[in-house]
Structures are given as C-alpha cells and as structure tokens.
>>> print(open('coords.txt').read())   # compact mmCIF, C-alpha atoms
# COMPACT_ATOMS: atom_id res chain seq x y z
CA MET A 6 -44.89 226.70 75.64
CA ALA A 7 -42.28 224.42 77.16
CA GLU A 8 -44.37 221.39 76.25
CA GLU A 9 -44.65 222.57 72.62
CA LYS A 10 -40.88 223.01 72.52
CA LYS A 11 -40.47 219.51 73.94
CA LYS A 12 -42.90 218.15 71.32
CA GLY A 13 -40.95 219.92 68.57
CA ARG A 14 -37.67 218.48 69.86
CA ASN A 15 -39.21 215.00 70.00
CA LYS A 16 -40.41 215.36 66.41
CA ILE A 17 -36.92 216.32 65.25
CA LYS A 18 -35.47 213.46 67.27
CA ASP A 19 -37.99 211.07 65.76
CA LEU A 20 -37.29 212.30 62.23
CA ALA A 21 -33.53 212.05 62.79
CA PHE A 22 -34.00 208.51 64.10
CA ARG A 23 -36.04 207.58 61.03
CA VAL A 24 -33.41 209.05 58.70
CA VAL A 25 -30.61 207.16 60.47
CA ARG A 26 -32.64 203.93 60.46
CA ALA A 27 -33.50 204.33 56.76
CA SER A 28 -29.85 205.07 55.93
CA VAL A 29 -28.55 202.07 57.89
CA LYS A 30 -31.08 199.75 56.27
CA ALA A 31 -30.30 201.11 52.80
CA ILE A 32 -26.57 200.67 53.40
CA LEU A 33 -27.12 197.11 54.62
CA VAL A 34 -29.22 196.20 51.57
CA TYR A 35 -26.67 197.81 49.27
CA LEU A 36 -23.84 195.91 51.00
CA LEU A 37 -25.81 192.69 50.54
CA TYR A 38 -26.12 193.48 46.82
CA PHE A 39 -22.45 194.53 46.70
CA PHE A 40 -21.28 191.17 48.05
CA ILE A 41 -23.81 188.94 46.28
CA ALA A 42 -23.58 190.50 42.80
CA PRO A 43 -20.03 189.17 42.13
CA LEU A 44 -21.19 185.69 43.16
CA LEU A 45 -24.06 185.82 40.68
CA ALA A 46 -21.91 187.32 37.93
CA PRO A 47 -20.79 183.96 36.39
CA LEU A 48 -24.43 183.00 35.76
CA LEU A 49 -26.06 186.38 35.16
CA GLY A 50 -23.17 187.65 33.05
CA LEU A 51 -24.28 185.23 30.36
CA ILE A 52 -27.58 187.09 29.97
CA PRO A 53 -27.00 190.41 28.24
CA GLY A 54 -28.42 193.35 30.16
CA PHE A 55 -29.47 191.28 33.18
CA MET A 56 -26.99 192.85 35.61
CA GLU A 57 -28.17 196.35 34.58
CA THR A 58 -31.79 195.48 35.31
CA ILE A 59 -30.74 194.09 38.69
CA GLU A 60 -29.03 197.41 39.45
CA ILE A 61 -32.28 199.24 38.60
CA PHE A 62 -34.22 196.75 40.72
CA VAL A 63 -31.94 197.29 43.73
CA THR A 64 -32.14 201.09 43.31
CA VAL A 65 -35.96 201.16 43.19
CA TYR A 66 -36.14 198.65 46.08
CA ILE A 67 -33.86 200.80 48.26
CA VAL A 68 -35.76 204.01 47.39
CA LEU A 69 -39.08 202.39 48.35
CA MET A 70 -37.52 201.07 51.55
CA ILE A 71 -36.16 204.52 52.48
CA LEU A 72 -39.54 206.12 51.78
CA SER A 73 -41.23 203.45 53.88
CA ASP A 74 -38.86 204.10 56.80
CA LEU A 75 -39.20 207.88 56.52
CA THR A 76 -42.97 207.63 56.63
CA ALA A 77 -42.94 205.21 59.57
CA HIS A 78 -45.98 205.33 61.89
CA THR A 79 -48.16 206.74 59.11
CA ILE A 80 -50.46 204.96 56.67
CA PHE A 81 -47.97 205.81 53.86
CA GLN A 82 -45.46 203.41 55.33
CA TYR A 83 -47.78 200.54 54.45
CA PHE A 84 -48.45 201.95 50.97
CA PHE A 85 -44.71 201.95 50.30
CA ASN A 86 -44.31 198.47 51.78
CA SER A 87 -47.12 197.18 49.54
CA ALA A 88 -45.62 199.02 46.57
CA ARG A 89 -42.28 197.33 47.29
CA ALA A 90 -43.85 193.86 47.43
CA LEU A 91 -45.81 194.55 44.22
CA PHE A 92 -42.67 195.89 42.57
CA VAL A 93 -40.80 192.64 43.37
CA ILE A 94 -43.65 190.57 41.87
CA ALA A 95 -43.86 192.82 38.79
CA TYR A 96 -40.08 192.67 38.31
CA LEU A 97 -40.10 188.88 38.53
CA ILE A 98 -42.96 188.64 36.03
CA LEU A 99 -41.41 191.11 33.57
CA GLN A 100 -37.88 189.81 33.86
CA LEU A 101 -38.42 186.09 34.05
CA GLY A 102 -41.74 185.68 32.25
CA SER A 103 -42.47 181.96 32.30
CA GLY A 104 -39.36 181.33 34.36
CA VAL A 105 -37.41 179.79 31.49
CA ILE A 106 -34.50 181.89 30.27
CA SER A 107 -32.96 181.05 26.90
CA MET A 108 -29.93 182.77 25.53
CA ASP A 109 -27.52 182.21 22.68
CA VAL A 110 -23.89 182.20 23.74
CA GLU A 111 -21.35 181.92 20.93
CA ASN A 112 -22.47 178.85 18.97
CA PHE A 113 -24.64 177.18 21.57
CA SER A 114 -27.90 178.00 23.25
CA LEU A 115 -28.30 177.89 27.01
CA THR A 116 -31.65 177.37 28.70
CA VAL A 117 -32.02 177.85 32.44
CA ASN A 118 -35.28 176.86 34.05
CA LEU A 119 -35.86 179.19 37.00
CA THR A 120 -39.50 178.20 37.51
CA MET A 121 -38.95 176.87 41.05
CA PHE A 122 -36.98 179.94 42.12
CA TYR A 123 -39.54 182.18 40.43
CA THR A 124 -42.46 180.45 42.17
CA ILE A 125 -40.83 180.61 45.62
CA ALA A 126 -39.82 184.28 45.14
CA ALA A 127 -43.31 185.23 43.92
CA LEU A 128 -44.93 183.43 46.87
CA LEU A 129 -42.61 185.18 49.34
CA SER A 130 -43.44 188.53 47.72
CA LEU A 131 -47.14 187.72 48.04
CA LEU A 132 -46.55 186.97 51.73
CA GLY A 133 -44.82 190.35 52.01
CA LEU A 134 -47.81 192.02 50.34
CA ALA A 135 -50.21 190.21 52.66
CA LYS A 136 -48.13 191.34 55.65
CA SER A 137 -48.26 194.97 54.47
CA VAL A 138 -52.04 194.83 54.01
CA LEU A 139 -52.49 193.24 57.45
CA GLN A 140 -50.21 195.91 58.99
CA ALA A 141 -52.27 198.65 57.29
CA ILE A 142 -55.52 197.16 58.61
CA ASN A 143 -54.01 196.81 62.07
CA PHE A 144 -52.70 200.38 61.94
CA LEU A 145 -56.12 201.78 60.96
CA ASN A 146 -57.76 199.64 63.61
CA GLU A 147 -55.44 200.92 66.34
CA ARG A 148 -55.95 204.50 65.19
CA ALA A 149 -59.73 204.07 65.22
CA GLU A 150 -59.56 202.60 68.71
CA SER A 151 -57.39 205.45 70.02
CA GLY A 152 -59.54 208.04 68.18
CA THR A 153 -56.66 209.62 66.25
CA HIS A 154 -56.56 210.32 62.52
CA PRO A 155 -54.27 208.20 60.37
CA MET B 26 -52.62 191.08 65.78
CA ASN B 27 -49.16 192.58 66.12
CA VAL B 28 -47.50 189.30 67.09
CA PRO B 29 -48.79 187.23 64.11
CA ILE B 30 -47.84 190.06 61.73
CA ARG B 31 -44.37 190.25 63.24
CA MET B 32 -43.98 186.46 63.03
CA LEU B 33 -45.13 186.58 59.40
CA GLY B 34 -42.54 189.26 58.72
CA ILE B 35 -39.76 187.29 60.44
CA ALA B 36 -40.68 184.08 58.61
CA THR B 37 -40.78 185.90 55.24
CA SER B 38 -37.39 187.50 55.94
CA ILE B 39 -35.84 184.17 56.91
CA PHE B 40 -37.16 182.50 53.74
CA TRP B 41 -35.85 185.39 51.61
CA VAL B 42 -32.41 185.09 53.19
CA ILE B 43 -32.38 181.31 52.62
CA LEU B 44 -33.52 181.72 49.00
CA ILE B 45 -30.98 184.46 48.21
CA ALA B 46 -28.17 182.57 49.96
CA PHE B 47 -29.06 179.43 48.04
CA ILE B 48 -29.18 181.17 44.65
CA ALA B 49 -25.94 183.05 45.36
CA SER B 50 -24.10 179.92 46.48
CA ALA B 51 -25.48 177.94 43.53
CA ALA B 52 -24.38 180.60 41.04
CA TYR B 53 -21.00 180.94 42.76
CA SER B 54 -20.36 177.20 42.72
CA LEU B 55 -20.81 177.20 38.93
CA LYS B 56 -17.27 178.49 38.68
CA ASP B 57 -16.03 175.34 40.42
CA LEU B 58 -17.63 173.08 37.85
CA SER B 59 -15.51 171.94 34.98
CA PHE B 60 -16.40 169.93 31.91
CA GLY B 61 -13.93 168.43 29.48
CA PHE B 62 -13.96 166.17 26.48
CA GLY B 63 -11.44 163.46 25.70
CA GLU B 64 -10.27 162.10 22.39
CA PRO B 65 -13.16 160.33 20.62
CA GLN B 66 -12.51 156.66 19.95
CA PHE B 67 -13.87 154.39 17.26
CA THR B 68 -14.35 150.71 17.91
CA ALA B 69 -16.06 147.94 16.03
CA ALA B 70 -19.39 146.85 17.44
CA PRO B 71 -21.28 143.69 16.50
CA SER B 72 -23.22 143.58 13.23
CA HIS B 73 -21.02 145.98 11.28
CA ASP B 74 -21.55 148.92 13.55
CA LEU B 75 -19.09 151.63 14.29
CA ARG B 76 -19.09 152.73 17.90
CA PHE B 77 -18.08 156.32 18.47
CA SER B 78 -17.15 156.81 22.10
CA LEU B 79 -16.68 160.28 23.50
CA PRO B 80 -15.25 160.53 27.03
CA ILE B 81 -16.73 163.40 29.04
CA TYR B 82 -14.95 164.49 32.20
CA ILE B 83 -16.96 166.29 34.86
CA ASP B 84 -15.28 167.67 37.94
CA ASN B 85 -17.93 168.80 40.40
CA ARG B 86 -16.09 170.90 42.96
CA GLY B 87 -19.17 173.04 43.59
CA TYR B 88 -21.37 172.99 46.67
CA TYR B 89 -24.20 170.94 45.20
CA SER B 90 -24.72 167.61 43.46
CA LEU B 91 -25.51 167.44 39.80
CA LYS B 92 -28.57 165.34 39.10
CA SER B 93 -30.09 163.82 35.99
CA PHE B 94 -27.15 164.59 33.74
CA ASN B 95 -28.07 163.62 30.21
CA ILE B 96 -26.49 164.14 26.86
CA SER B 97 -28.04 163.25 23.54
CA THR B 98 -26.59 163.49 20.08
CA VAL B 99 -28.20 163.20 16.69
CA PHE B 100 -26.05 162.65 13.62
CA SER B 101 -27.61 163.76 10.34
CA ASP B 102 -26.37 163.87 6.78
CA PRO B 103 -25.93 167.27 5.07
CA GLU B 104 -29.53 167.02 3.80
CA GLY B 105 -30.79 166.71 7.38
CA SER B 106 -31.76 163.05 7.24
CA GLU B 107 -31.09 161.31 10.56
CA ILE B 108 -28.28 158.76 10.57
CA SER B 109 -27.95 157.90 14.21
CA LYS B 110 -28.93 159.12 17.62
CA ALA B 111 -27.91 158.23 21.12
CA SER B 112 -28.29 159.46 24.64
CA THR B 113 -26.45 158.91 27.91
CA PHE B 114 -27.94 159.44 31.34
CA VAL B 115 -26.21 159.71 34.71
CA ALA B 116 -28.50 159.89 37.74
CA ILE B 117 -26.17 161.78 40.06
CA ILE B 118 -22.69 163.28 40.19
CA PRO B 119 -22.11 163.93 43.89
CA GLN B 120 -20.59 167.14 45.15
CA GLY B 121 -16.78 167.07 45.29
CA GLN B 122 -16.45 164.13 42.91
CA ARG B 123 -14.96 163.63 39.50
CA ALA B 124 -16.81 161.56 36.93
CA THR B 125 -15.87 160.18 33.55
CA ILE B 126 -18.82 159.43 31.32
CA PHE B 127 -18.57 157.65 28.01
CA HIS B 128 -21.13 158.82 25.52
CA ASN B 129 -21.47 156.06 22.96
CA VAL B 130 -22.98 156.63 19.56
CA THR B 131 -23.43 153.67 17.25
CA LEU B 132 -23.18 154.43 13.57
CA SER B 133 -24.44 151.65 11.39
CA MET B 134 -22.24 151.69 8.32
CA ASP B 135 -24.76 149.54 6.47
CA ASN B 136 -27.44 152.20 7.11
CA LEU B 137 -25.02 154.95 6.16
CA LEU B 138 -24.12 153.26 2.89
CA GLU B 139 -27.80 152.74 2.09
CA LYS B 140 -28.01 156.53 1.92
CA GLY B 141 -25.25 156.60 -0.66
CA GLU B 142 -21.82 155.29 -1.46
CA GLN B 143 -20.32 158.78 -1.27
CA TYR B 144 -19.55 158.08 2.41
CA LEU B 145 -17.01 155.50 1.21
CA PHE B 146 -15.29 157.71 -1.30
CA ASN B 147 -15.83 161.36 -0.37
CA ASP B 148 -15.14 163.31 2.78
CA THR B 149 -18.15 165.19 4.05
CA ASP B 150 -19.40 167.04 7.09
CA LEU B 151 -22.06 165.31 9.14
CA ILE B 152 -24.36 167.55 11.16
CA VAL B 153 -24.33 166.80 14.87
CA SER B 154 -27.01 168.17 17.19
CA VAL B 155 -25.91 167.95 20.80
CA ALA B 156 -28.18 168.61 23.76
CA ALA B 157 -26.91 168.30 27.32
CA GLY B 158 -28.94 168.92 30.43
CA VAL B 159 -28.35 168.78 34.15
CA ASN B 160 -30.42 169.50 37.21
CA PHE B 161 -28.14 171.81 39.13
CA ALA B 162 -28.59 172.12 42.89
CA GLU B 163 -32.00 170.39 42.67
CA LEU B 164 -33.72 173.63 41.76
CA LEU B 165 -32.10 174.83 38.56
CA PRO B 166 -32.43 172.65 35.46
CA VAL B 167 -29.94 173.88 32.88
CA GLN B 168 -29.78 172.76 29.26
CA ILE B 169 -27.22 173.48 26.58
CA SER B 170 -27.81 172.66 22.95
CA MET B 171 -25.66 173.21 19.94
CA ASN B 172 -25.34 172.23 16.32
CA THR B 173 -21.93 171.40 15.03
CA THR B 174 -20.37 169.40 12.25
CA TYR B 175 -18.38 166.22 12.41
CA PRO B 176 -15.86 165.74 9.61
CA TRP B 177 -16.55 162.35 8.10
CA GLY B 178 -13.41 160.92 6.55
CA ALA B 179 -14.02 158.53 3.67
CA PRO B 180 -12.25 155.17 4.12
CA PHE B 181 -11.65 154.86 0.36
CA TYR B 182 -11.01 158.49 -0.46
CA ASN B 183 -9.87 159.04 -4.03
CA PHE B 184 -10.27 155.34 -4.86
CA THR B 185 -8.89 154.66 -8.31
CA LEU B 186 -8.25 151.62 -10.42
CA GLY B 187 -5.72 152.41 -13.14
CA GLN B 188 -5.50 151.20 -16.70
CA PRO B 189 -5.03 147.42 -17.06
CA THR B 190 -1.70 146.22 -18.44
CA TYR B 191 -1.42 142.87 -20.19
CA ASN B 192 1.43 140.35 -19.72
CA ARG B 193 1.89 136.75 -20.68
CA PHE B 194 1.80 134.59 -17.54
CA ASN B 195 2.30 131.12 -19.07
CA ILE B 196 1.41 129.27 -22.25
CA THR B 197 -2.30 129.16 -21.48
CA HIS B 198 -2.91 132.34 -19.45
CA GLY B 199 -2.16 135.97 -19.58
CA ARG B 200 -1.96 138.27 -16.59
CA ILE B 201 -3.82 141.57 -16.41
CA THR B 202 -2.43 143.90 -13.77
CA VAL B 203 -4.47 146.80 -12.45
CA PRO B 204 -2.95 149.38 -10.09
CA SER B 205 -5.21 150.49 -7.25
CA SER B 206 -4.88 153.32 -4.78
CA PHE B 207 -6.85 155.23 -2.19
CA GLU B 208 -6.38 157.12 1.05
CA ASN B 209 -7.98 156.00 4.28
CA HIS B 210 -9.32 159.28 5.67
CA ALA B 211 -11.53 157.45 8.17
CA ALA B 212 -11.04 157.62 11.91
CA PHE B 213 -10.58 153.84 12.05
CA ASP B 214 -8.11 151.35 10.63
CA LEU B 215 -9.32 149.57 7.57
CA VAL B 216 -8.95 145.81 7.96
CA GLY B 217 -10.57 143.41 5.53
CA ASP B 218 -10.30 142.64 1.89
CA MET B 219 -11.20 143.97 -1.51
CA ARG B 220 -12.54 141.71 -4.24
CA VAL B 221 -12.54 142.92 -7.82
CA GLU B 222 -14.19 141.26 -10.80
CA LEU B 223 -13.05 142.14 -14.28
CA TYR B 224 -15.68 142.21 -17.01
CA ASP B 225 -15.18 142.76 -20.70
CA SER B 226 -17.29 145.02 -22.89
CA ALA B 227 -19.81 142.19 -23.39
CA ASP B 228 -20.29 141.89 -19.62
CA SER B 229 -18.53 138.56 -19.51
CA LEU B 230 -16.50 137.82 -16.41
CA LEU B 231 -12.83 137.59 -17.39
CA GLY B 232 -11.27 137.16 -14.00
CA LYS B 233 -11.40 137.81 -10.27
CA SER B 234 -8.87 139.15 -7.86
CA GLN B 235 -8.88 139.54 -4.12
CA THR B 236 -6.45 141.48 -2.00
CA PRO B 237 -6.24 141.89 1.77
CA LEU B 238 -6.40 145.37 3.20
CA ASN B 239 -4.76 146.61 6.36
CA VAL B 240 -4.61 150.36 6.05
CA PRO B 241 -4.16 152.44 9.20
CA GLN B 242 -6.31 155.53 9.61
CA HIS B 243 -5.20 158.60 7.67
CA SER B 244 -2.81 156.53 5.53
CA PRO B 245 -2.52 156.09 1.78
CA TYR B 246 -2.71 152.72 0.09
CA THR B 247 -1.28 151.60 -3.23
CA GLY B 248 -1.44 148.08 -4.56
CA LYS B 249 -1.82 145.93 -7.63
CA LEU B 250 -4.55 143.53 -8.60
CA ASP B 251 -3.69 140.60 -10.82
CA PHE B 252 -6.25 138.88 -13.03
CA TYR B 253 -5.40 135.68 -14.87
CA VAL B 254 -7.30 135.27 -18.13
CA PRO B 255 -7.15 132.54 -20.78
CA LEU B 256 -4.67 133.45 -23.43
CA ASN B 257 -6.65 133.69 -26.64
CA SER B 258 -7.08 136.56 -29.01
CA ALA B 259 -10.81 136.80 -28.42
CA SER B 260 -10.53 137.33 -24.67
CA LEU B 261 -7.60 139.73 -24.94
CA SER B 262 -9.33 141.90 -27.51
CA ALA B 263 -12.54 141.85 -25.49
CA ALA B 264 -10.61 142.99 -22.42
CA GLN B 265 -9.60 146.28 -24.05
CA SER B 266 -12.66 147.88 -22.48
CA GLY B 267 -15.27 146.91 -19.94
CA HIS B 268 -15.79 147.44 -16.25
CA PHE B 269 -14.61 146.43 -12.80
CA SER B 270 -17.03 145.39 -10.08
CA VAL B 271 -15.49 146.08 -6.72
CA TYR B 272 -16.65 144.51 -3.45
CA PHE B 273 -15.38 145.69 -0.07
CA SER B 274 -15.49 143.55 3.03
CA THR B 275 -14.18 145.04 6.29
CA LEU B 276 -14.85 144.81 10.01
CA PHE B 277 -17.33 147.67 9.77
CA PHE B 278 -19.15 147.11 6.53
CA GLU B 279 -19.60 145.07 3.40
CA TYR B 280 -20.35 146.92 0.25
CA GLY B 281 -20.49 146.19 -3.43
CA PRO B 282 -20.53 146.11 -6.26
CA VAL B 283 -19.04 149.48 -7.15
CA VAL B 284 -18.87 149.56 -10.93
CA ILE B 285 -15.87 151.33 -12.46
CA PRO B 286 -15.51 151.37 -16.26
CA TYR B 287 -12.14 151.10 -17.96
CA GLY B 288 -10.74 151.27 -21.46
>>> encode(input="coords.txt", output="structure tokens")
Amino acid sequence: MAEEKKKGRNKIKDLAFRVVRASVKAILVYLLYFFIAPLLAPLLGLIPGFMETIEIFVTVYIVLMILSDLTAHTIFQYFFNSARALFVIAYLILQLGSGVISMDVENFSLTVNLTMFYTIAALLSLLGLAKSVLQAINFLNERAESGTHP
Amino acid sequence: MNVPIRMLGIATSIFWVILIAFIASAAYSLKDLSFGFGEPQFTAAPSHDLRFSLPIYIDNRGYYSLKSFNISTVFSDPEGSEISKASTFVAIIPQGQRATIFHNVTLSMDNLLEKGEQYLFNDTDLIVSVAAGVNFAELLPVQISMNTTYPWGAPFYNFTLGQPTYNRFNITHGRITVPSSFENHAAFDLVGDMRVELYDSADSLLGKSQTPLNVPQHSPYTGKLDFYVPLNSASLSAAQSGHFSVYFSTLFFEYGPVVIPYG
C-alpha cells in the first residue's frame, strides 16, 4: 500500500517534471523566435504573408515539442520527434519550393536564391529525423531487453 | 547506441544554431547596407560614341562582404529594339567599406541615328532594363531587376529653318538669309557645326552656308544662315521654292542630309 502510494507520488512528480521541462523548452524556443523575428523582418517583410507562415510554423513546432516532452520515455515521444523533423522538411518544401523566391516590390522585382540555406536546413532536418528513428529503435531494443512493454 | 545518438543530436543542434544565427545576422545586416546613385554624366568617347556614366555608391556596413556585384543595363527604343547594353562587375566589396562604382554605358549615336532621325529632333523615352545582382554573405545570391524609362532629349529639338529673305549683297551677288532655331534638350553640350545647302526647285545648288555650334545642354539656339547667290533674275526666281539639305557635324555624331523644303 505504501509502495503504491510512493509509486503514485513518483508518477505525479515525473509528470510535473515533464510539464515544467516542456514549458521551459517552449518558452526558450518562443524567446528565440521573439528575438530573431525582428532581425529577419527587413528581409522577410518584403515577402507578403511570410511572417504569418513563420508564426504558424513556430506554433506547430512548439506544440509538437511540448507533446514530445510530455510523452517522454514512451514510444510516442519518438513519433512526435519524427513528426517535428518531417514537419520542418515539409514546411521548407512548401514554403521555399525550389529555393528561389521572387517577389515584386513597387516597380522592381527581387529574387533571392535560398538554395544553399534550403539544402543545409533540409539536410539538418533529415539528420533530426534519422536521430528520432534511431532513438525509437534504441528505445524498443532496450524495452525488449528489459522485458517491458513500450 | 545512446552515446552516438546523443552526439548526433548535439551536432545537429549546434549546426541548427549556427545556421539560424548566420541567417539572422545576414538578414539583420541588410539594414546596414546602403546603395545610392550619383548624377549621371555624359562624355564623348572615341568614334562618335556617347558615354553615359552612372556613379553607384555602396556603403557596406553590414557583417559580411558583398561578392560578385554586377549590374547590367539594356537600352531599347520604344519599339523594344536594343540600342545598347553594358555590364559592370565588381568581385568583392569588403565588409565595412565604401565603394564607388562607375557603370558605363556607351551609346553609339551613329547606331541610334540609323534607327531614325527622330532621336535628333524629337524627345522620346528610351526603355532601360536594369538587372543588379550580388552574392550576399556567400550564401544568399540576391538579384533585383527593373524596367524604367530614360528621357532622351533631342539635341535639335524643334529644329526650324525659316523663310529665306533676299537682299542685294554687291553688284554681282545677292544674299539669302535664313533664320534657324532649335533647342538643345540633350544631356550634353552641342559642339560642332551645321552645314546647309540651298537648292532651288530644279534641284540645282544655289549656295552653301556653314555655321559653328556651341549650344550648352538644355539651351535654345537662334541664328542666321547666309547664302550668297549670283545676282541674276533666273537664279532669284528659281530660289522662290526648293529645299535645304542640312548636315550636322558634332563631337558625338555626323548626320545628313536632312531635307527641309521651303517656299
């Protein structure tokens, strides 16, 4: 009975820790966005609607990160991590397309070639996806070795 | 397996931070870049060419160098036919430095006048296509292109030769005086001379006259041309109508004849 109570307390403690950790990480990411967005504004402000899509991107990214932290030590954590990496790749593909952005500003047209940035970001996202898959395999492996269910 | 995965995660995070910091600093340093254009200047180039020189001032106070700066311009007539094109390339504008670049476009007046003499006598708008590109911070090639018009001022705008007036010069010759006027709307001073031949209605040359020209840009010109013709009734009666053949010879071009009827 006392052990069950202790287990219950530990679970609550663990959940509270996860919530705090998820909140701190979310706040940190949001602060990063909060400080970087004004720096990017001179460039991104030229593209109509680009800042709005970045806001949506940051929101979805933070939600997936919170979900991943809340489901820590379960297989779902790795699903959410993979989903986050895939979301970054999908966003880059949908938003940047070929990596060349053209826009008409007043009476001139501006073309920015983001191919290099796009390639590096996509490769880093692929690394993130690979890491999540490896973590999932490792997690299942450890669970199988210890004889517990995922 | 935990250690390699953790290392992979750390490496990915570090690369993300570097990439985001680089993009943010590159975008932020855009605000410290300034471009300006000076007053375009026209100078005479060899072989009757007109050199249009546009000073471009670039102040790179950003965090990164600007590489492969290039600007190209194409001048076309209102029908879209190419008149002249030029490009200027600067390999590098280092960070924290100011650069003045002269973009030179050579307009061949002879080529321009082959397309039509209206460029001598009528103001028009030339179409200018400008494309400028720069490799910003090594990773971000940026290009700006625009179409604009350049107001072409005619050097002999509203060129007119008035009605000839006849006077007796001496016992053997009479003097025919023809008033001439025009406005130099061009962006350059007109230095040279104008030669006019006077023909009667039978296409016989009655006389020639030459006058020097030194008309500053955007200035009017009025003058008189004197022709000395033999004083006989046949030549005077024939000179009641006919045409002038006008030849222009300046630093930038030679053109003629422009045929103007009179009488």
>>> interface_residues(input="coords.txt", of="chain B", to="chain A", cutoff="10 Å", atoms="only C-alpha atoms", output="mmCIF file with C-alpha atoms, in the coordinates of the input")
data_model
loop_
_atom_site.group_PDB
_atom_site.id
_atom_site.type_symbol
_atom_site.label_atom_id
_atom_site.label_comp_id
_atom_site.auth_asym_id
_atom_site.auth_seq_id
_atom_site.Cartn_x
_atom_site.Cartn_y
_atom_site.Cartn_z
ATOM 1 C CA MET B 26 -52.620 191.080 65.780
ATOM 2 C CA ASN B 27 -49.160 192.580 66.120
ATOM 3 C CA PRO B 29 -48.790 187.230 64.110
ATOM 4 C CA ILE B 30 -47.840 190.060 61.730
ATOM 5 C CA ARG B 31 -44.370 190.250 63.240
ATOM 6 C CA MET B 32 -43.980 186.460 63.030
ATOM 7 C CA LEU B 33 -45.130 186.580 59.400
ATOM 8 C CA GLY B 34 -42.540 189.260 58.720
ATOM 9 C CA ALA B 36 -40.680 184.080 58.610
ATOM 10 C CA THR B 37 -40.780 185.900 55.240
ATOM 11 C CA SER B 38 -37.390 187.500 55.940
ATOM 12 C CA PHE B 40 -37.160 182.500 53.740
ATOM 13 C CA TRP B 41 -35.850 185.390 51.610
ATOM 14 C CA LEU B 44 -33.520 181.720 49.000
ATOM 15 C CA ILE B 45 -30.980 184.460 48.210
ATOM 16 C CA ALA B 46 -28.170 182.570 49.960
ATOM 17 C CA PHE B 47 -29.060 179.430 48.040
ATOM 18 C CA ILE B 48 -29.180 181.170 44.650
ATOM 19 C CA ALA B 49 -25.940 183.050 45.360
ATOM 20 C CA SER B 50 -24.100 179.920 46.480
ATOM 21 C CA ALA B 51 -25.480 177.940 43.530
ATOM 22 C CA ALA B 52 -24.380 180.600 41.040
ATOM 23 C CA TYR B 53 -21.000 180.940 42.760
ATOM 24 C CA SER B 54 -20.360 177.200 42.720
ATOM 25 C CA LEU B 55 -20.810 177.200 38.930
ATOM 26 C CA LYS B 56 -17.270 178.490 38.680
ATOM 27 C CA VAL B 155 -25.910 167.950 20.800
ATOM 28 C CA ALA B 156 -28.180 168.610 23.760
ATOM 29 C CA ALA B 157 -26.910 168.300 27.320
ATOM 30 C CA GLY B 158 -28.940 168.920 30.430
ATOM 31 C CA VAL B 159 -28.350 168.780 34.150
ATOM 32 C CA ASN B 160 -30.420 169.500 37.210
ATOM 33 C CA PHE B 161 -28.140 171.810 39.130
ATOM 34 C CA GLU B 163 -32.000 170.390 42.670
ATOM 35 C CA LEU B 164 -33.720 173.630 41.760
ATOM 36 C CA LEU B 165 -32.100 174.830 38.560
ATOM 37 C CA PRO B 166 -32.430 172.650 35.460
ATOM 38 C CA VAL B 167 -29.940 173.880 32.880
ATOM 39 C CA GLN B 168 -29.780 172.760 29.260
ATOM 40 C CA ILE B 169 -27.220 173.480 26.580
ATOM 41 C CA SER B 170 -27.810 172.660 22.950
ATOM 42 C CA MET B 171 -25.660 173.210 19.940
ATOM 43 C CA ASN B 172 -25.340 172.230 16.320
ATOM 44 C CA THR B 173 -21.930 171.400 15.030
#
>>> atom_distance(input="coords.txt", atom1="CA of Phe62 (chain A)", atom2="CA of Ile80 (chain A)")
24.2 Å
>>> residues_around(input="coords.txt", residues="Pro282 (chain B)", least_positions_apart="5", cutoff="12 Å", atoms="all atoms listed in the file", output="PyMOL selection string")
chain B and resi 142+219-223+268-274
>>> atom_distance(input="coords.txt", atom1="CA of Ile118 (chain B)", atom2="CA of Gly61 (chain B)")
14.8 Å
>>> residues_around(input="coords.txt", residues="Gly121 (chain B)", least_positions_apart="5", cutoff="9 Å", atoms="all atoms listed in the file", output="ChimeraX atom specification")
/B:84-90
>>> residues_around(input="coords.txt", residues="Pro180 (chain B)", least_positions_apart="2", cutoff="9 Å", atoms="only C-alpha atoms", output="list in words")
Tyr144, Leu145, Phe146, Asn147, Asp148, Gly178, Tyr182, Phe207, Glu208, Asn209, His210, Ala211, Ala212, Phe213, Asp214, Leu215, Gln242 and His243 of chain B
>>> atom_distance(input="coords.txt", atom1="CA of Leu138 (chain B)", atom2="CA of Thr68 (chain B)")
18.1 Å
>>> residues_around(input="coords.txt", residues="Tyr287 (chain B)", least_positions_apart="6", cutoff="12 Å", atoms="all atoms listed in the file", output="JSON, numbers by chain")
{"B": [185, 186, 187, 188, 189, 190, 203, 223, 224, 225, 226, 263, 264, 265, 266, 267, 268, 269, 270]}
>>> residues_near_point(input="coords.txt", point="(-47.9, 202.8, 56.2)", cutoff="10 Å", atoms="only C-alpha atoms", output="list in words")
Ser73, Asp74, Thr76, Ala77, His78, Thr79, Ile80, Phe81, Gln82, Tyr83, Phe84, Phe85, Asn86, Ser87, Ser137, Val138, Gln140, Ala141, Ile142, Phe144, Leu145 and Pro155 of chain A
>>> closest_residue(input="coords.txt", among="B:Leu132, B:Val28, B:Leu91, B:Ile43", to="Ser59 (chain B)", atoms="all atoms listed in the file")
B:Leu91
>>> closest_residue(input="coords.txt", among="A:Leu101, A:Tyr96, A:Leu75, A:Thr58", to="Phe22 (chain A)", atoms="all atoms listed in the file")
A:Leu75
>>> residues_around(input="coords.txt", residues="Gln100 (chain A)", least_positions_apart="5", cutoff="12 Å", atoms="all atoms listed in the file", output="list in words")
Ile52, Gly54, Phe55, Met56, Glu57, Thr58, Ile59, Ile61, Phe62, Phe92, Val93, Ile94, Ala95, Val105, Ile106, Leu119 and Tyr123 of chain A
>>> residues_near_point(input="coords.txt", point="(-26.7, 158.2, 11.3)", cutoff="7 Å", atoms="only C-alpha atoms", output="list in words")
Phe100, Ser101, Glu107, Ile108, Ser109, Lys110, Leu132, Ser133 and Leu137 of chain B
>>> closest_residue(input="coords.txt", among="B:Ile196, B:Val283, B:Leu231, B:Ala162", to="Leu256 (chain B)", atoms="only C-alpha atoms")
B:Ile196
